[in-house]
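Asker: I have a structure here, written as structure tokens, and I will follow up with some questions on it.
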Amino acid sequence: AFSNGIEDSKNRVDFTYTARPAIWKWNKWAIADRGENFREQLEKWGWMIDFYMNNGRRAIYADGSSIIDAHCRPENEIIHSCIPKAIISYERLGSTDKLIGEAETMKLANAMIEGRENEVPMAERGDWGCGYDKVIDRRKKEPRWDGTTRRGQDENRRRYRSSSLEEINAEIIRLITTYSDASKGWDVDPLANDLVSILAEYRAEIDAELRALARSGK
């Protein structure tokens, strides 16, 4: 069940990652040709990336003008800008390859303290790698962290159909094409380069799943 507030969430911490929903609920959501939320969530995912990569631009009109979200404008006293400080890959952050995992951890930590060294309590820079080690070690020792002990039907039964994978792939390709466009200067933008690199990894995974489905005839 969903929590109904902060206190409810705190009281249910011990239930985190302990159960999986029924397969029929997954199918109802995930299958593109009859999933009630699949396309909406896919579109929102792409829209969110566009929103932040373009500093809160919410709409582009035929004359080229656009609207910037009020929260992202320079005159906003709290945020000033919605341009990301860094783009973090969840998969890289939790990678068991120490070089990959530590590098992503360092990127996250640097983004957290950039310009705020005296505001954000952080471990000493030399200890950041230890933080990564602790997380990976905990995932190995506490099965709940990697989902292997969740109640419910086998996670391997939760699969996208090829139609859904193709839609995901199309959106990934759109994003890669957009944020590697040299005519817009994205090819020399460090954030865009990070984004495209991460998206390319996602695309490789999707392509592998599509090939596996093709071999299985599903």
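Identifiers for the structure tokens are assigned positionally: chains receive A, B, ... in sequence, residues are indexed from 1 per chain, and ligands are indexed from 1 in the order shown.
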Please list as a list in words every residue within 12 Å of A:Leu191, counting only C-alpha atoms and excluding residues in the same chain fewer than 5 positions away.
Answerer: Ile49, Tyr52, Met53, Asn54, Ile83, Pro84, Lys85, Ala86, Ile87, Ile88, Lys107, Tyr179, Ser180, Gly185, Trp186, Val196, Ser197 and Ile198 of chain A
Asker: Report as a list in words all protein, DNA and RNA residues lying within 12 Å of A:Ile100, evaluated on only C-alpha atoms, omitting residues in the same chain fewer than 4 positions from it.
Answerer: Ile88, Ser89, Tyr90, Glu91, Arg92, Leu93, Gly94, Ser95, Thr96, Glu104, Thr105, Met106, Lys107, Gly129 and Tyr132 of chain A
Asker: Taking into account only C-alpha atoms, which residue in the set A:Thr16, A:Ser66, A:Asn11, A:Ser3 is nearest to A:Arg150?
Answerer: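 Of all the options, A:Thr16 lies closest to A:Arg150.
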Asker: Pick out the residues sitting within 8 Å of A:Asn55, and hand them over as a PyMOL selection string; count only C-alpha atoms, and ignore anything fewer than 6 positions along from it in its own chain.
Answerer: chain A and resi 68+72+81-83
Asker: Report as a CSV table (one decimal) with N, CA and C atoms, in the first residue's frame: the residues of stretch 81-112 of chain A with a DSSP assignment of helix (DSSP H, G or I), based on the backbone of this structure.
Answerer:
```csv
chain,number,residue,atom,x,y,z
A,90,TYR,N,22.1,5.9,-12.2
A,90,TYR,CA,21.8,5.0,-11.1
A,90,TYR,C,22.6,3.7,-11.3
A,91,GLU,N,22.6,3.2,-12.5
A,91,GLU,CA,23.2,2.0,-12.7
A,91,GLU,C,24.7,2.0,-12.5
A,92,ARG,N,25.3,3.1,-12.9
A,92,ARG,CA,26.8,3.3,-12.7
A,92,ARG,C,27.0,3.5,-11.2
A,93,LEU,N,26.2,4.2,-10.5
A,93,LEU,CA,26.3,4.5,-9.1
A,93,LEU,C,26.4,3.2,-8.3
A,98,LYS,N,34.4,-1.3,-9.4
A,98,LYS,CA,34.8,-0.2,-8.5
A,98,LYS,C,35.2,1.1,-9.3
A,99,LEU,N,35.8,1.0,-10.4
A,99,LEU,CA,36.2,2.2,-11.1
A,99,LEU,C,35.0,3.0,-11.6
A,100,ILE,N,34.0,2.3,-12.1
A,100,ILE,CA,32.8,2.9,-12.5
A,100,ILE,C,32.0,3.5,-11.4
A,101,GLY,N,31.8,2.7,-10.3
A,101,GLY,CA,31.0,3.1,-9.2
A,101,GLY,C,31.6,4.2,-8.4
A,102,GLU,N,32.9,4.2,-8.2
A,102,GLU,CA,33.5,5.3,-7.5
A,102,GLU,C,33.5,6.6,-8.3
A,103,ALA,N,33.7,6.5,-9.6
A,103,ALA,CA,33.7,7.7,-10.4
A,103,ALA,C,32.4,8.4,-10.3
A,104,GLU,N,31.3,7.6,-10.4
A,104,GLU,CA,29.9,8.2,-10.3
A,104,GLU,C,29.7,8.7,-8.9
A,105,THR,N,30.2,8.1,-7.9
A,105,THR,CA,30.0,8.6,-6.5
A,105,THR,C,30.7,9.9,-6.4
A,106,MET,N,31.9,10.0,-6.9
A,106,MET,CA,32.7,11.3,-6.8
A,106,MET,C,31.9,12.4,-7.6
A,107,LYS,N,31.3,12.0,-8.7
A,107,LYS,CA,30.6,13.0,-9.5
A,107,LYS,C,29.4,13.5,-8.7
A,108,LEU,N,28.7,12.6,-8.0
A,108,LEU,CA,27.5,13.0,-7.2
A,108,LEU,C,28.0,13.9,-6.0
A,109,ALA,N,29.0,13.5,-5.3
A,109,ALA,CA,29.5,14.3,-4.2
A,109,ALA,C,29.9,15.6,-4.6
A,110,ASN,N,30.7,15.7,-5.7
A,110,ASN,CA,31.1,17.1,-6.1
A,110,ASN,C,30.0,18.0,-6.5
A,111,ALA,N,28.9,17.4,-7.1
A,111,ALA,CA,27.7,18.2,-7.4
A,111,ALA,C,27.0,18.7,-6.2
A,112,MET,N,27.0,17.9,-5.1
A,112,MET,CA,26.4,18.3,-3.9
A,112,MET,C,27.0,19.4,-3.2
```
Asker: For A:Asn27, which residue among A:Arg73, A:Arg158, A:Arg203, A:Arg215 is the nearest when counting only C-alpha atoms?
Answerer: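 Looking at the shortest contact to A:Asn27, the residue is A:Arg158.
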Asker: What's around A:Ala200 at 9 Å? Count only C-alpha atoms, leave out sequence neighbours fewer than 4 positions away in its own chain, and write the answer as a PyMOL selection string.
Answerer: chain A and resi 172-173+176+195-196+204-205
Asker: Dump N, CA, C and O atoms for the selected residues as a compact mmCIF listing (two decimals), in the first residue's frame?
Answerer:
```
# COMPACT_ATOMS: atom_id res chain seq x y z
N ILE A 172 14.66 7.12 -26.67
CA ILE A 172 16.09 7.22 -26.37
C ILE A 172 16.84 7.77 -27.58
O ILE A 172 17.70 8.65 -27.45
N ILE A 173 16.51 7.27 -28.76
CA ILE A 173 17.17 7.75 -29.98
C ILE A 173 16.87 9.23 -30.19
O ILE A 173 17.76 10.01 -30.57
N ILE A 176 19.12 11.12 -27.75
CA ILE A 176 20.53 11.06 -28.17
C ILE A 176 20.76 12.00 -29.34
O ILE A 176 21.75 12.75 -29.38
N LEU A 195 24.99 12.78 -20.63
CA LEU A 195 23.64 12.28 -20.88
C LEU A 195 23.63 11.30 -22.05
O LEU A 195 23.06 10.20 -21.95
N VAL A 196 24.26 11.68 -23.15
CA VAL A 196 24.28 10.83 -24.34
C VAL A 196 24.99 9.51 -24.03
O VAL A 196 24.57 8.44 -24.49
N ALA A 204 21.70 0.22 -25.67
CA ALA A 204 22.34 -1.08 -25.86
C ALA A 204 21.57 -2.18 -25.13
O ALA A 204 21.39 -3.29 -25.65
N GLU A 205 21.08 -1.87 -23.93
CA GLU A 205 20.30 -2.84 -23.17
C GLU A 205 18.98 -3.15 -23.87
O GLU A 205 18.56 -4.31 -23.94
```
